[in-house]
Amino acid sequence: MFFLAILLFSYPQMSQQIQKITANGKEMLSNPKLVLVQGTLNVVMKQNVTLSCLSEPGSPPVRYTLFKHNQQVSASNRSDLTPALFPLSISSASDAGEYKCKAEYNNSSSGKYSNSLNFTFIEPISKPVLSSPTSQAKRGQNVTLSCFSENGSLPITYLFFKGTQNISPRKTMQKREAAVIFLFIDSLSDFGTYKCKAYNSFPNNTKYSNAFNFTLAGKYKSSRPSIVLTSTVNAEESENEVIYSEIGKFLSPPAVRQVLSGTAESLGHLLTPQAEALFEIPQNPKSQNQKPGII
């Protein structure tokens, strides 16, 4: 009776051990573990990585096979309980993706698969472009700035600066679109040089944009010179001062030079034809002392 009790007690343990033994007398394989032992899951061009695959427990020899999207990449036979190592070289974006390994005994029709590891291919960003719908602004006006890097792996993080001072929190874009900030032009100090910078997970690849400046939208400025000349003539000719305002519109270039140099004695012969018609200046004055006037 005592022997029967012991037998019944030990039967579950014996049953589990029997289940772990295959038909050829080897221990059943467990699902192997796929581990990254060299490199990172974010990979760049020409980067080397190494994967390790091991099934514990198991009875050597064990065949390990590495797969990428169900396509065999490499295989290794291990005659001991050490893991199979699979070195990989990232030569293009197609080398990224999901990897798994399989452990099986030789001449076996079944095997066990591991967990998956997913490699992400990352590209460096291009120089970002800083722009705005308008380059002129007035005090009290709202303006926008946008920063965009056309190339590079997502997500991309942007920061905006005025001079060397950061003027916005980080903006991380998960889509291929520009980061935008809104500014309020409150004083002349807001008219300065703005820049932005961009970076992603690619190592040591922060890049700065072009410089952008807002200019003050001022009043209209005439392209023609405006000159005011005050000339005092003798009492016999006139007791009033002759004032020429904006004579740059009516004088020929030689006249303007004479006025500025103070050598003009008589401007009648230097007026443009339009000015002569406007002021009705005779072409041949009878008196050398007669001078044009603006009434």
# chains A, B, ... in the order shown; residues from 1 in each chain; ligands from 1
call {"tool": "residues_around", "arguments": {"residues": "range 137-153 of chain A", "least_positions_apart": "5", "cutoff": "9 Å", "atoms": "only C-alpha atoms", "output": "PyMOL selection string"}}
result
chain A and resi 121-132+158-160+176-188+190-191+194-202+209+214-218
call {"tool": "select_by_dssp", "arguments": {"residues": "range 44-154 of chain A", "states": "strand (DSSP E)", "output": "number ranges by chain"}}
result
A: 47-54, 62-68, 71-78, 84-90, 97-104, 112-113, 117-121, 129-131, 136-137, 141-148
call {"tool": "residues_around", "arguments": {"residues": "Thr65 in chain A", "least_positions_apart": "5", "cutoff": "7 Å", "atoms": "only C-alpha atoms", "output": "number ranges by chain"}}
result
A: 74-76, 101-103
call {"tool": "atom_distance", "arguments": {"atom1": "CA of Leu41 in chain A", "atom2": "CA of Ser79 in chain A"}}
result
29.0 Å
call {"tool": "residues_around", "arguments": {"residues": "Thr40 in chain A", "least_positions_apart": "2", "cutoff": "10 Å", "atoms": "only C-alpha atoms", "output": "ChimeraX atom specification"}}
result
/A:36-38,42-44,47-50,119-120
call {"tool": "closest_residue", "arguments": {"among": "A:Phe212, A:Met45, A:Gln165, A:Val62", "to": "Pro133 in chain A", "atoms": "only C-alpha atoms"}}
result
A:Phe212
call {"tool": "closest_residue", "arguments": {"among": "A:Thr193, A:Gln71, A:Ser116, A:Ser109", "to": "Leu51 in chain A", "atoms": "only C-alpha atoms"}}
result
A:Ser116
call {"tool": "closest_residue", "arguments": {"among": "A:Pro155, A:Gly163, A:Pro203, A:Asn31", "to": "Ser189 in chain A", "atoms": "only C-alpha atoms"}}
result
A:Gly163
call {"tool": "closest_residue", "arguments": {"among": "A:Leu81, A:Tyr64, A:Ser89, A:Gly97", "to": "Lys46 in chain A", "atoms": "only C-alpha atoms"}}
result
A:Ser89
call {"tool": "atom_distance", "arguments": {"atom1": "CA of Glu56 in chain A", "atom2": "CA of Asn107 in chain A"}}
result
19.4 Å
call {"tool": "atom_distance", "arguments": {"atom1": "CA of Tyr113 in chain A", "atom2": "CA of Ser91 in chain A"}}
result
26.1 Å
call {"tool": "decode", "arguments": {"residues": "range 172-186 of chain A", "atoms": "N, CA, C and O atoms", "output": "PDB file, in the first residue's frame"}}
result
ATOM      1  N   THR A 172       7.928  67.377 -32.214  1.00  0.00           N
ATOM      2  CA  THR A 172       8.273  66.106 -32.850  1.00  0.00           C
ATOM      3  C   THR A 172       7.174  65.725 -33.827  1.00  0.00           C
ATOM      4  O   THR A 172       6.023  65.546 -33.444  1.00  0.00           O
ATOM      5  N   MET A 173       7.554  65.615 -35.089  1.00  0.00           N
ATOM      6  CA  MET A 173       6.604  65.343 -36.151  1.00  0.00           C
ATOM      7  C   MET A 173       6.673  63.865 -36.538  1.00  0.00           C
ATOM      8  O   MET A 173       7.730  63.357 -36.924  1.00  0.00           O
ATOM      9  N   GLN A 174       5.538  63.183 -36.424  1.00  0.00           N
ATOM     10  CA  GLN A 174       5.451  61.767 -36.784  1.00  0.00           C
ATOM     11  C   GLN A 174       5.156  61.590 -38.269  1.00  0.00           C
ATOM     12  O   GLN A 174       5.313  60.492 -38.800  1.00  0.00           O
ATOM     13  N   LYS A 175       4.730  62.658 -38.934  1.00  0.00           N
ATOM     14  CA  LYS A 175       4.448  62.631 -40.365  1.00  0.00           C
ATOM     15  C   LYS A 175       5.408  63.560 -41.093  1.00  0.00           C
ATOM     16  O   LYS A 175       6.050  64.415 -40.491  1.00  0.00           O
ATOM     17  N   ARG A 176       5.460  63.377 -42.430  1.00  0.00           N
ATOM     18  CA  ARG A 176       6.341  64.213 -43.237  1.00  0.00           C
ATOM     19  C   ARG A 176       5.672  65.562 -43.470  1.00  0.00           C
ATOM     20  O   ARG A 176       5.099  65.862 -44.507  1.00  0.00           O
ATOM     21  N   GLU A 177       5.732  66.408 -42.448  1.00  0.00           N
ATOM     22  CA  GLU A 177       5.136  67.737 -42.526  1.00  0.00           C
ATOM     23  C   GLU A 177       5.939  68.713 -41.694  1.00  0.00           C
ATOM     24  O   GLU A 177       6.713  68.313 -40.815  1.00  0.00           O
ATOM     25  N   ALA A 178       5.746  70.000 -41.976  1.00  0.00           N
ATOM     26  CA  ALA A 178       6.533  71.041 -41.317  1.00  0.00           C
ATOM     27  C   ALA A 178       6.045  71.286 -39.899  1.00  0.00           C
ATOM     28  O   ALA A 178       4.869  71.120 -39.586  1.00  0.00           O
ATOM     29  N   ALA A 179       6.983  71.703 -39.060  1.00  0.00           N
ATOM     30  CA  ALA A 179       6.645  72.184 -37.725  1.00  0.00           C
ATOM     31  C   ALA A 179       6.387  73.679 -37.826  1.00  0.00           C
ATOM     32  O   ALA A 179       7.151  74.409 -38.473  1.00  0.00           O
ATOM     33  N   VAL A 180       5.323  74.158 -37.194  1.00  0.00           N
ATOM     34  CA  VAL A 180       4.906  75.557 -37.322  1.00  0.00           C
ATOM     35  C   VAL A 180       4.773  76.187 -35.941  1.00  0.00           C
ATOM     36  O   VAL A 180       4.241  75.564 -35.015  1.00  0.00           O
ATOM     37  N   ILE A 181       5.262  77.423 -35.808  1.00  0.00           N
ATOM     38  CA  ILE A 181       5.055  78.193 -34.582  1.00  0.00           C
ATOM     39  C   ILE A 181       4.432  79.539 -34.953  1.00  0.00           C
ATOM     40  O   ILE A 181       4.560  80.009 -36.086  1.00  0.00           O
ATOM     41  N   PHE A 182       3.753  80.148 -33.978  1.00  0.00           N
ATOM     42  CA  PHE A 182       3.099  81.440 -34.172  1.00  0.00           C
ATOM     43  C   PHE A 182       3.796  82.476 -33.297  1.00  0.00           C
ATOM     44  O   PHE A 182       4.066  82.226 -32.117  1.00  0.00           O
ATOM     45  N   LEU A 183       4.073  83.632 -33.887  1.00  0.00           N
ATOM     46  CA  LEU A 183       4.772  84.704 -33.180  1.00  0.00           C
ATOM     47  C   LEU A 183       3.921  85.970 -33.203  1.00  0.00           C
ATOM     48  O   LEU A 183       3.192  86.225 -34.166  1.00  0.00           O
ATOM     49  N   PHE A 184       4.057  86.756 -32.149  1.00  0.00           N
ATOM     50  CA  PHE A 184       3.399  88.056 -32.075  1.00  0.00           C
ATOM     51  C   PHE A 184       4.472  89.133 -32.083  1.00  0.00           C
ATOM     52  O   PHE A 184       5.338  89.166 -31.197  1.00  0.00           O
ATOM     53  N   ILE A 185       4.450  89.980 -33.091  1.00  0.00           N
ATOM     54  CA  ILE A 185       5.433  91.056 -33.205  1.00  0.00           C
ATOM     55  C   ILE A 185       5.007  92.185 -32.282  1.00  0.00           C
ATOM     56  O   ILE A 185       4.061  92.929 -32.576  1.00  0.00           O
ATOM     57  N   ASP A 186       5.696  92.308 -31.168  1.00  0.00           N
ATOM     58  CA  ASP A 186       5.299  93.271 -30.137  1.00  0.00           C
ATOM     59  C   ASP A 186       6.202  94.500 -30.101  1.00  0.00           C
ATOM     60  O   ASP A 186       5.767  95.571 -29.725  1.00  0.00           O
TER      61      ASP A 186
END
